[in-house]
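**Q** One file: my_file_38.cif (mmCIF, C-alpha atoms).
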```cif
data_work
loop_
_atom_site.label_atom_id
_atom_site.label_comp_id
_atom_site.auth_asym_id
_atom_site.auth_seq_id
_atom_site.Cartn_x
_atom_site.Cartn_y
_atom_site.Cartn_z
CA HIS A 37 -60.02 -63.08 40.76
CA ARG A 38 -57.72 -65.42 38.86
CA GLY A 39 -57.23 -62.75 36.17
CA GLU A 40 -56.17 -60.28 38.85
CA ARG A 41 -53.70 -62.80 40.30
CA LEU A 42 -52.15 -63.38 36.88
CA LYS A 43 -51.76 -59.64 36.43
CA MET A 44 -49.96 -59.50 39.78
CA ILE A 45 -47.63 -62.27 38.60
CA MET A 46 -46.78 -60.37 35.43
CA VAL A 47 -46.11 -57.09 37.28
CA ALA A 48 -43.93 -58.81 39.87
CA LEU A 49 -41.92 -60.62 37.19
CA ARG A 50 -41.39 -57.41 35.20
CA LEU A 51 -40.01 -55.65 38.27
CA PHE A 52 -37.85 -58.66 39.05
CA GLN A 53 -36.53 -58.71 35.47
CA ALA A 54 -35.62 -55.02 35.57
CA THR A 55 -33.70 -55.44 38.83
CA VAL A 56 -31.75 -58.48 37.62
CA LEU A 57 -30.91 -56.97 34.24
CA LEU A 58 -29.68 -53.77 35.90
CA SER A 59 -27.39 -55.76 38.20
CA ALA A 60 -26.17 -57.98 35.33
CA THR A 61 -25.33 -54.95 33.20
CA LYS A 62 -23.42 -53.35 36.06
CA TYR A 63 -21.29 -56.41 36.79
CA ALA A 64 -20.78 -57.27 33.13
CA ALA A 65 -19.32 -53.83 32.47
CA ALA A 66 -16.98 -54.20 35.42
CA TYR A 67 -15.77 -57.77 34.89
CA THR A 68 -16.26 -58.85 31.27
CA PRO A 69 -13.28 -58.41 28.91
CA ALA A 70 -14.22 -56.68 25.67
CA SER A 71 -12.56 -59.48 23.69
CA SER A 72 -15.03 -62.04 25.07
CA ILE A 73 -18.11 -60.25 23.69
CA SER A 74 -19.48 -61.30 20.31
CA ASN A 75 -22.69 -60.52 18.49
CA ASN A 76 -24.20 -63.98 18.78
CA SER A 77 -24.85 -66.52 21.47
CA PRO A 78 -22.87 -69.76 21.02
CA ARG A 79 -26.13 -71.60 20.58
CA TRP A 80 -27.00 -69.62 17.46
CA SER A 81 -23.54 -68.90 16.03
CA SER A 82 -23.67 -71.88 13.65
CA SER A 83 -26.91 -70.91 11.92
CA SER A 84 -25.91 -67.26 11.56
CA SER A 85 -22.55 -68.29 10.07
CA LEU A 86 -24.22 -70.56 7.53
CA PHE A 87 -26.65 -67.80 6.59
CA SER A 88 -23.77 -65.38 6.07
CA THR A 89 -21.90 -67.89 3.89
CA ALA A 90 -24.95 -68.58 1.77
CA ALA A 91 -25.54 -64.87 1.21
CA GLN A 92 -21.96 -64.34 0.10
CA ASP A 93 -22.15 -67.24 -2.34
CA VAL A 94 -25.23 -65.79 -4.00
CA ASP A 95 -23.63 -62.47 -4.84
CA GLY A 96 -20.41 -64.12 -6.02
CA THR A 97 -18.04 -62.77 -3.40
CA THR A 98 -17.26 -66.19 -1.86
CA THR A 99 -16.34 -69.46 -3.58
CA ALA A 100 -15.83 -71.79 -0.58
CA SER A 101 -16.50 -75.44 -1.33
CA ALA A 102 -19.44 -77.37 0.11
CA ALA A 103 -17.04 -79.68 1.91
CA SER A 104 -15.29 -76.87 3.77
CA THR A 105 -18.62 -75.29 4.65
CA THR A 106 -19.84 -78.58 6.12
CA THR A 107 -16.63 -78.97 8.14
CA THR A 108 -16.94 -75.45 9.54
CA ALA A 109 -20.60 -75.99 10.40
CA ASP A 110 -19.80 -79.25 12.20
CA GLU A 111 -17.14 -77.52 14.27
CA GLU A 112 -19.45 -74.65 15.20
CA ASP A 113 -22.29 -76.99 16.13
CA HIS A 114 -20.24 -78.25 19.08
CA ILE A 115 -19.99 -75.88 22.02
CA THR A 116 -18.41 -76.52 25.39
CA THR A 117 -19.66 -76.16 28.94
CA ARG A 118 -17.55 -73.02 29.24
CA ASP A 119 -19.40 -71.48 26.27
CA LEU A 120 -22.73 -71.96 28.06
CA LEU A 121 -21.62 -69.53 30.78
CA SER A 122 -20.36 -66.84 28.44
CA LEU A 123 -21.96 -63.41 28.73
CA ASP A 124 -23.55 -63.84 25.30
CA TYR A 125 -25.26 -67.10 26.24
CA ILE A 126 -26.41 -65.73 29.60
CA ARG A 127 -28.03 -62.78 27.81
CA SER A 128 -29.83 -65.15 25.44
CA THR A 129 -31.31 -67.19 28.32
CA LEU A 130 -32.66 -64.38 30.51
CA ILE A 131 -35.93 -63.91 28.63
CA ARG A 132 -36.45 -67.67 28.34
CA GLN A 133 -35.99 -68.06 32.07
CA GLU A 134 -38.57 -65.35 32.70
CA GLU A 135 -41.08 -67.22 30.54
CA THR A 136 -40.33 -70.43 32.44
CA ILE A 137 -41.04 -68.69 35.75
CA ILE A 138 -44.29 -67.17 34.52
CA PHE A 139 -45.49 -70.54 33.21
CA ALA A 140 -44.54 -72.27 36.49
CA LEU A 141 -46.46 -69.71 38.55
CA ILE A 142 -49.50 -70.01 36.30
CA GLU A 143 -49.40 -73.78 36.80
CA ARG A 144 -49.21 -73.30 40.58
CA ALA A 145 -52.09 -70.83 40.55
CA GLN A 146 -54.53 -73.50 39.35
CA PHE A 147 -54.40 -75.14 42.79
CA ARG A 148 -55.51 -73.68 46.10
CA GLN A 149 -52.92 -72.67 48.65
CA ASN A 150 -52.92 -76.10 50.34
CA ARG A 151 -50.98 -74.88 53.35
CA LYS A 152 -50.58 -78.45 54.64
CA VAL A 153 -47.79 -79.14 52.13
CA TYR A 154 -45.62 -76.43 53.76
CA GLU A 155 -46.21 -77.58 57.34
CA LYS A 156 -43.98 -80.18 58.97
CA GLY A 157 -46.19 -83.19 59.60
CA GLY A 158 -49.04 -81.57 57.69
CA VAL A 159 -49.33 -84.60 55.42
CA PRO A 160 -48.96 -87.80 57.49
CA GLY A 161 -46.98 -90.82 56.38
CA LEU A 162 -43.62 -89.19 55.60
CA GLU A 163 -40.43 -90.27 57.33
CA GLY A 164 -38.86 -87.77 59.68
CA ASP A 165 -39.90 -84.27 60.71
CA THR A 166 -40.46 -82.83 57.26
CA SER A 167 -43.11 -81.15 55.16
CA PHE A 168 -44.54 -82.63 51.98
CA LEU A 169 -42.79 -79.98 49.85
CA GLU A 170 -39.46 -80.54 51.60
CA PHE A 171 -39.83 -84.27 50.96
CA MET A 172 -40.59 -83.73 47.26
CA LEU A 173 -37.96 -81.04 46.69
CA SER A 174 -35.12 -82.82 48.51
CA GLY A 175 -35.88 -86.06 46.65
CA THR A 176 -35.82 -84.24 43.31
CA GLU A 177 -32.51 -82.58 44.19
CA THR A 178 -30.98 -85.94 45.16
CA LEU A 179 -31.88 -87.33 41.74
CA HIS A 180 -30.64 -84.26 39.85
CA SER A 181 -27.37 -84.16 41.77
CA ALA A 182 -26.53 -87.60 40.36
CA VAL A 183 -26.30 -86.03 36.90
CA ARG A 184 -24.18 -83.06 38.12
CA ARG A 185 -26.86 -80.37 38.18
CA TYR A 186 -25.45 -78.67 41.25
CA GLU A 187 -21.90 -78.54 39.94
CA SER A 188 -23.03 -75.66 37.75
CA PRO A 189 -22.30 -72.24 39.32
CA GLU A 190 -25.81 -71.05 38.39
CA GLU A 191 -27.53 -73.87 40.27
CA HIS A 192 -27.93 -74.18 44.04
CA ALA A 193 -29.79 -76.85 45.98
CA PHE A 194 -32.38 -75.91 48.59
CA PHE A 195 -31.15 -78.77 50.78
CA PRO A 196 -27.42 -79.15 50.01
CA GLN A 197 -26.85 -80.94 53.31
CA LEU A 198 -29.02 -83.82 52.08
CA LEU A 199 -27.24 -84.36 48.75
CA PRO A 200 -25.24 -87.59 48.43
CA GLU A 201 -21.47 -87.45 47.99
CA ARG A 202 -20.20 -87.42 44.44
CA ASN A 203 -19.20 -90.91 43.29
CA ASP A 204 -17.04 -89.84 40.29
CA SER A 205 -19.01 -92.07 37.93
CA LEU A 206 -19.41 -89.05 35.62
CA ASP A 207 -16.59 -86.76 34.59
CA GLN A 208 -16.43 -83.37 36.26
CA LEU A 209 -17.63 -80.56 33.99
CA ASP A 210 -15.30 -77.71 33.08
CA TYR A 211 -16.93 -74.49 34.24
CA PRO A 212 -15.13 -71.13 33.94
CA ASP A 213 -14.38 -68.86 36.89
CA LEU A 214 -17.06 -66.20 37.07
CA LEU A 215 -16.87 -62.96 39.04
CA SER A 216 -14.77 -64.20 41.93
CA ASN A 217 -12.52 -67.06 42.99
CA ASP A 218 -13.44 -66.59 46.65
CA PRO A 219 -15.10 -69.86 47.81
CA ALA A 220 -17.20 -67.94 50.34
CA ILE A 221 -18.73 -65.79 47.61
CA ASN A 222 -19.33 -68.70 45.25
CA ALA A 223 -21.02 -70.59 48.09
CA LEU A 224 -23.65 -67.88 48.67
CA ASN A 225 -27.07 -69.45 48.59
CA TRP A 226 -30.23 -67.36 48.83
CA ASN A 227 -32.54 -70.35 48.58
CA PRO A 228 -33.59 -70.42 52.27
CA ILE A 229 -34.89 -66.85 51.90
CA LEU A 230 -36.50 -67.66 48.55
CA TYR A 231 -38.21 -70.75 50.00
CA GLU A 232 -39.72 -68.77 52.88
CA LYS A 233 -40.88 -65.90 50.68
CA TYR A 234 -42.32 -68.26 48.10
CA ALA A 235 -44.42 -70.19 50.61
CA ASN A 236 -45.57 -67.19 52.64
CA VAL A 237 -45.77 -64.37 50.10
CA ILE A 238 -45.92 -65.62 46.50
CA VAL A 239 -48.28 -68.58 46.97
CA PRO A 240 -50.92 -66.54 48.89
CA ALA A 241 -50.71 -63.88 46.17
CA ILE A 242 -51.34 -66.21 43.22
CA SER A 243 -53.47 -69.06 44.63
CA ALA A 244 -56.95 -69.07 46.05
CA ASN A 245 -57.28 -69.61 49.78
CA GLY A 246 -58.28 -73.00 51.07
CA ASP A 247 -57.51 -76.64 50.38
CA ASP A 248 -58.31 -78.87 47.40
CA GLU A 249 -56.36 -81.96 48.58
CA GLN A 250 -54.18 -81.91 45.43
CA TYR A 251 -51.01 -82.13 47.51
CA GLY A 252 -48.83 -84.11 45.11
CA SER A 253 -49.65 -81.92 42.12
CA THR A 254 -49.16 -78.82 44.24
CA CYS A 255 -45.66 -79.92 45.24
CA VAL A 256 -44.74 -80.79 41.66
CA THR A 257 -45.60 -77.26 40.53
CA ASP A 258 -43.94 -75.75 43.61
CA THR A 259 -40.72 -77.63 42.82
CA ALA A 260 -40.69 -76.40 39.22
CA ALA A 261 -41.35 -72.79 40.29
CA LEU A 262 -38.74 -72.79 43.07
CA GLN A 263 -36.01 -74.26 40.86
CA ALA A 264 -36.76 -71.77 38.08
CA LEU A 265 -36.72 -68.81 40.48
CA SER A 266 -33.52 -70.03 42.12
CA LYS A 267 -31.69 -70.34 38.81
CA ARG A 268 -32.82 -66.88 37.68
CA ILE A 269 -31.68 -65.27 40.92
#
```
Would you mind writing the file out in C-alpha coordinates?
**A**
Amino acid sequence: HRGERLKMIMVALRLFQATVLLSATKYAAAYTPASSISNNSPRWSSSSSLFSTAAQDVDGTTTASAASTTTTADEEDHITTRDLLSLDYIRSTLIRQEETIIFALIERAQFRQNRKVYEKGGVPGLEGDTSFLEFMLSGTETLHSAVRRYESPEEHAFFPQLLPERNDSLDQLDYPDLLSNDPAINALNWNPILYEKYANVIVPAISANGDDEQYGSTCVTDTAALQALSKRI
(Lines of atoms letter the chains of each structure in order from A and count residues from 1; the text may use other names and numbers.)
(Lines give C-alpha, C1' and ligand atoms only; values in the text may rest on other atoms or scores of the structure.)
Protein backbone atom coordinates (compact mmCIF):
# COMPACT_ATOMS: atom_id res chain seq x y z
CA HIS A 1 0.00 0.00 0.00
CA ARG A 2 2.85 2.39 0.75
CA GLY A 3 4.28 1.77 -2.74
CA GLU A 4 0.93 2.71 -4.26
CA ARG A 5 0.80 5.90 -2.17
CA LEU A 6 4.28 6.90 -3.34
CA LYS A 7 3.23 6.35 -6.94
CA MET A 8 0.25 8.64 -6.35
CA ILE A 9 2.62 11.28 -4.96
CA MET A 10 4.81 11.09 -8.04
CA VAL A 11 1.87 11.32 -10.47
CA ALA A 12 0.36 14.28 -8.60
CA LEU A 13 3.69 16.12 -8.54
CA ARG A 14 4.27 15.54 -12.27
CA LEU A 15 0.86 17.02 -13.09
CA PHE A 16 1.52 19.91 -10.74
CA GLN A 17 4.92 20.54 -12.37
CA ALA A 18 3.42 20.59 -15.86
CA THR A 19 0.77 23.11 -14.83
CA VAL A 20 3.24 25.45 -13.12
CA LEU A 21 5.78 25.29 -15.93
CA LEU A 22 3.09 26.05 -18.51
CA SER A 23 1.97 29.11 -16.54
CA ALA A 24 5.56 30.25 -15.96
CA THR A 25 6.37 29.99 -19.66
CA LYS A 26 3.26 31.98 -20.58
CA TYR A 27 3.99 34.84 -18.18
CA ALA A 28 7.71 34.86 -18.90
CA ALA A 29 7.05 35.35 -22.61
CA ALA A 30 4.69 38.22 -21.85
CA TYR A 31 6.70 40.08 -19.21
CA THR A 32 10.40 39.20 -19.44
CA PRO A 33 12.61 41.53 -21.52
CA ALA A 34 14.80 39.65 -23.97
CA SER A 35 17.86 41.51 -22.68
CA SER A 36 17.43 39.98 -19.21
CA ILE A 37 17.73 36.38 -20.44
CA SER A 38 21.13 34.69 -20.36
CA ASN A 39 22.23 31.11 -20.82
CA ASN A 40 23.23 30.50 -17.22
CA SER A 41 21.74 30.94 -13.80
CA PRO A 42 23.61 33.50 -11.64
CA ARG A 43 24.49 30.71 -9.26
CA TRP A 44 26.47 28.86 -11.92
CA SER A 45 27.77 31.75 -14.04
CA SER A 46 31.12 31.87 -12.23
CA SER A 47 32.05 28.23 -12.82
CA SER A 48 31.01 28.30 -16.47
CA SER A 49 33.04 31.48 -17.03
CA LEU A 50 36.14 29.93 -15.48
CA PHE A 51 35.70 26.81 -17.60
CA SER A 52 35.43 28.93 -20.74
CA THR A 53 38.58 30.90 -19.83
CA ALA A 54 40.55 27.75 -19.14
CA ALA A 55 39.53 26.24 -22.47
CA GLN A 56 40.61 29.34 -24.35
CA ASP A 57 43.99 29.38 -22.61
CA VAL A 58 44.67 25.80 -23.64
CA ASP A 59 44.25 26.43 -27.35
CA GLY A 60 46.23 29.67 -27.21
CA THR A 61 43.49 32.10 -28.12
CA THR A 62 43.51 33.91 -24.73
CA THR A 63 46.46 35.22 -22.71
CA ALA A 64 44.69 36.77 -19.70
CA SER A 65 46.79 36.82 -16.54
CA ALA A 66 46.01 34.71 -13.48
CA ALA A 67 45.48 37.85 -11.44
CA SER A 68 42.79 39.23 -13.74
CA THR A 69 41.09 35.85 -13.89
CA THR A 70 40.97 35.69 -10.10
CA THR A 71 39.53 39.21 -9.91
CA THR A 72 36.83 38.38 -12.44
CA ALA A 73 35.98 35.15 -10.62
CA ASP A 74 35.69 36.98 -7.29
CA GLU A 75 33.32 39.51 -8.82
CA GLU A 76 31.14 36.82 -10.38
CA ASP A 77 31.01 34.80 -7.16
CA HIS A 78 28.98 37.58 -5.54
CA ILE A 79 25.36 37.82 -6.65
CA THR A 80 22.66 40.08 -5.29
CA THR A 81 19.18 39.44 -3.96
CA ARG A 82 17.82 40.81 -7.24
CA ASP A 83 19.77 38.15 -9.17
CA LEU A 84 18.06 35.40 -7.16
CA LEU A 85 14.70 36.41 -8.64
CA SER A 86 15.86 36.58 -12.23
CA LEU A 87 14.10 34.32 -14.72
CA ASP A 88 17.28 32.27 -15.15
CA TYR A 89 17.58 31.55 -11.44
CA ILE A 90 13.88 30.74 -11.10
CA ARG A 91 14.21 28.21 -13.93
CA SER A 92 17.18 26.58 -12.18
CA THR A 93 15.25 26.16 -8.90
CA LEU A 94 12.01 24.62 -10.22
CA ILE A 95 13.29 21.05 -10.41
CA ARG A 96 15.02 21.34 -7.04
CA GLN A 97 11.80 22.55 -5.45
CA GLU A 98 9.94 19.58 -6.91
CA GLU A 99 12.47 17.21 -5.33
CA THR A 100 12.08 19.00 -2.00
CA ILE A 101 8.30 18.53 -2.14
CA ILE A 102 8.57 14.85 -3.03
CA PHE A 103 11.01 14.23 -0.18
CA ALA A 104 8.79 16.12 2.28
CA LEU A 105 5.73 14.08 1.30
CA ILE A 106 7.66 10.83 1.59
CA GLU A 107 8.73 11.87 5.09
CA ARG A 108 5.10 12.63 6.00
CA ALA A 109 3.91 9.31 4.60
CA GLN A 110 5.88 7.36 7.21
CA PHE A 111 3.41 8.48 9.88
CA ARG A 112 -0.29 7.68 10.12
CA GLN A 113 -2.82 10.40 9.42
CA ASN A 114 -2.99 11.48 13.08
CA ARG A 115 -6.07 13.61 12.56
CA LYS A 116 -5.79 15.04 16.08
CA VAL A 117 -3.00 17.40 15.00
CA TYR A 118 -5.40 19.17 12.59
CA GLU A 119 -8.27 19.51 15.08
CA LYS A 120 -8.53 22.53 17.36
CA GLY A 121 -8.08 21.20 20.88
CA GLY A 122 -7.21 17.76 19.54
CA VAL A 123 -3.94 17.76 21.49
CA PRO A 124 -4.53 19.22 24.98
CA GLY A 125 -2.15 21.59 26.70
CA LEU A 126 -1.83 24.30 24.03
CA GLU A 127 -2.73 27.91 24.73
CA GLY A 128 -5.75 29.28 22.93
CA ASP A 129 -8.17 27.67 20.49
CA THR A 130 -5.64 26.18 18.11
CA SER A 131 -4.60 22.88 16.59
CA PHE A 132 -1.22 21.28 17.14
CA LEU A 133 -0.19 21.96 13.52
CA GLU A 134 -1.31 25.60 13.73
CA PHE A 135 0.74 25.97 16.91
CA MET A 136 3.84 24.46 15.29
CA LEU A 137 3.49 26.26 11.96
CA SER A 138 2.77 29.71 13.41
CA GLY A 139 5.70 29.37 15.82
CA THR A 140 8.02 28.42 12.97
CA GLU A 141 6.82 31.37 10.90
CA THR A 142 7.40 33.77 13.80
CA LEU A 143 11.01 32.60 14.04
CA HIS A 144 11.59 32.75 10.28
CA SER A 145 10.06 36.21 9.98
CA ALA A 146 12.79 37.54 12.28
CA VAL A 147 15.35 36.77 9.56
CA ARG A 148 13.20 38.35 6.78
CA ARG A 149 11.87 35.18 5.16
CA TYR A 150 8.49 36.71 4.38
CA GLU A 151 9.91 39.84 2.79
CA SER A 152 10.67 37.70 -0.25
CA PRO A 153 7.92 37.91 -2.92
CA GLU A 154 8.03 34.12 -3.34
CA GLU A 155 7.31 33.45 0.34
CA HIS A 156 3.95 33.82 2.10
CA ALA A 157 3.11 32.99 5.70
CA PHE A 158 0.14 30.78 6.54
CA PHE A 159 -0.61 33.00 9.53
CA PRO A 160 0.53 36.52 8.54
CA GLN A 161 -1.73 38.07 11.19
CA LEU A 162 0.39 36.42 13.90
CA LEU A 163 3.78 37.64 12.66
CA PRO A 164 5.52 40.23 14.86
CA GLU A 165 6.16 43.72 13.52
CA ARG A 166 9.49 44.29 11.84
CA ASN A 167 12.01 45.83 14.24
CA ASP A 168 14.49 47.11 11.60
CA SER A 169 17.39 45.30 13.26
CA LEU A 170 18.26 43.81 9.85
CA ASP A 171 18.50 45.81 6.65
CA GLN A 172 15.64 45.50 4.21
CA LEU A 173 16.49 43.30 1.22
CA ASP A 174 16.36 44.72 -2.30
CA TYR A 175 13.89 42.64 -4.28
CA PRO A 176 12.96 43.55 -7.88
CA ASP A 177 9.41 44.29 -9.02
CA LEU A 178 7.98 41.16 -10.57
CA LEU A 179 4.90 40.96 -12.78
CA SER A 180 2.92 43.77 -11.22
CA ASN A 181 3.27 46.77 -8.92
CA ASP A 182 -0.33 46.45 -7.73
CA PRO A 183 -0.22 45.80 -3.95
CA ALA A 184 -3.46 43.82 -4.14
CA ILE A 185 -1.94 41.37 -6.62
CA ASN A 186 1.33 41.03 -4.73
CA ALA A 187 -0.64 40.36 -1.54
CA LEU A 188 -2.46 37.33 -3.00
CA ASN A 189 -2.03 34.40 -0.68
CA TRP A 190 -3.33 30.94 -1.57
CA ASN A 191 -2.09 29.36 1.64
CA PRO A 192 -5.51 29.05 3.34
CA ILE A 193 -6.70 26.92 0.40
CA LEU A 194 -3.45 24.96 0.35
CA TYR A 195 -3.67 24.29 4.09
CA GLU A 196 -7.21 22.92 3.82
CA LYS A 197 -6.44 20.75 0.78
CA TYR A 198 -3.24 19.45 2.34
CA ALA A 199 -4.93 18.33 5.56
CA ASN A 200 -8.08 16.91 3.95
CA VAL A 201 -6.90 15.62 0.58
CA ILE A 202 -3.13 15.11 0.42
CA VAL A 203 -2.56 13.61 3.88
CA PRO A 204 -5.33 10.97 3.51
CA ALA A 205 -3.90 10.07 0.09
CA ILE A 206 -0.32 9.46 1.25
CA SER A 207 -0.63 8.33 4.89
CA ALA A 208 -2.20 5.26 6.40
CA ASN A 209 -5.42 5.73 8.33
CA GLY A 210 -5.32 5.78 12.09
CA ASP A 211 -3.17 7.22 14.86
CA ASP A 212 0.38 6.42 15.97
CA GLU A 213 0.69 9.20 18.60
CA GLN A 214 3.72 10.70 16.80
CA TYR A 215 2.16 14.16 16.87
CA GLY A 216 5.32 16.26 17.14
CA SER A 217 7.11 14.44 14.34
CA THR A 218 3.97 14.59 12.22
CA CYS A 219 3.76 18.37 12.58
CA VAL A 220 7.46 18.80 11.80
CA THR A 221 7.01 16.97 8.48
CA ASP A 222 3.72 18.78 7.81
CA THR A 223 5.44 22.14 8.29
CA ALA A 224 8.24 21.24 5.87
CA ALA A 225 5.77 19.98 3.25
CA LEU A 226 3.44 22.98 3.53
CA GLN A 227 6.26 25.53 3.26
CA ALA A 228 7.74 23.74 0.25
CA LEU A 229 4.36 23.55 -1.52
CA SER A 230 3.61 27.19 -0.73
CA LYS A 231 6.90 28.41 -2.18
CA ARG A 232 6.46 26.34 -5.35
CA ILE A 233 2.94 27.65 -5.91
**Q** With a distance cut-off of 9 Å and all atoms listed in the file, select the neighbouring residues of segment 227-244 of chain A, excluding the residue or stretch itself and same-chain residues fewer than 6 positions from it, and output the selection as a JSON list (two decimals) with C-alpha atoms, in the frame of the given file.
**A**
```
[["chain", "number", "residue", "atom", "x", "y", "z"],
["A", 37, "HIS", "CA", -60.02, -63.08, 40.76],
["A", 38, "ARG", "CA", -57.72, -65.42, 38.86],
["A", 40, "GLU", "CA", -56.17, -60.28, 38.85],
["A", 41, "ARG", "CA", -53.70, -62.80, 40.30],
["A", 42, "LEU", "CA", -52.15, -63.38, 36.88],
["A", 44, "MET", "CA", -49.96, -59.50, 39.78],
["A", 45, "ILE", "CA", -47.63, -62.27, 38.60],
["A", 141, "LEU", "CA", -46.46, -69.71, 38.55],
["A", 142, "ILE", "CA", -49.50, -70.01, 36.30],
["A", 144, "ARG", "CA", -49.21, -73.30, 40.58],
["A", 145, "ALA", "CA", -52.09, -70.83, 40.55],
["A", 146, "GLN", "CA", -54.53, -73.50, 39.35],
["A", 147, "PHE", "CA", -54.40, -75.14, 42.79],
["A", 148, "ARG", "CA", -55.51, -73.68, 46.10],
["A", 149, "GLN", "CA", -52.92, -72.67, 48.65],
["A", 151, "ARG", "CA", -50.98, -74.88, 53.35],
["A", 154, "TYR", "CA", -45.62, -76.43, 53.76],
["A", 192, "HIS", "CA", -27.93, -74.18, 44.04],
["A", 193, "ALA", "CA", -29.79, -76.85, 45.98],
["A", 194, "PHE", "CA", -32.38, -75.91, 48.59],
["A", 195, "PHE", "CA", -31.15, -78.77, 50.78],
["A", 258, "ASP", "CA", -43.94, -75.75, 43.61],
["A", 262, "LEU", "CA", -38.74, -72.79, 43.07],
["A", 265, "LEU", "CA", -36.72, -68.81, 40.48],
["A", 266, "SER", "CA", -33.52, -70.03, 42.12]]
```
**Q** How would you write, as a PyMOL selection string, the residues chosen by the PyMOL selection byres ((chain A and resi 170-181) around 7) on this structure?
**A** chain A and resi 166-169+182-186+193+195+199-200+255+259
**Q** So how far away is atom CA of Lys152 of chain A from atom CA of Gly246 of chain A, in Å?
**A** 10.1 Å
**Q** Quick one: pull the distance between atom CA of Glu191 of chain A and atom CA of Glu134 of chain A, Å, one decimal.
**A** 15.9 Å
**Q** Atom CA of Ser188 of chain A and atom CA of His114 of chain A, how far apart in Å?
**A**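 Result for atom CA of His114 of chain A versus atom CA of Ser188 of chain A: 19.1 Å, one decimal.
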**Q** Taking only C-alpha atoms into account, which of A:Gln263, A:Ile221, A:Asn150, A:Pro160 comes nearest Gln250 of chain A?
**A**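 Of A:Gln263, A:Ile221, A:Asn150, A:Pro160, the one nearest Gln250 of chain A is A:Asn150, counting only C-alpha atoms.
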**Q** So, counting only C-alpha atoms, which residue among A:Gln133, A:Ser128, A:Pro196, A:Val153 is closest to Asp248 of chain A?
**A**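 Looking at the shortest contact to Asp248 of chain A, the residue is A:Val153.
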**Q** Using 6 Å of padding on each side, determine the axis-aligned box around all atoms of segment 228-232 of chain A present in the file and give its centre and edge lengths in Å to one decimal, as AutoDock Vina command-line options.
**A**
```
--center_x -36.7 --center_y -68.8 --center_z 50.7 --size_x 18.1 --size_y 15.9 --size_z 16.3
```
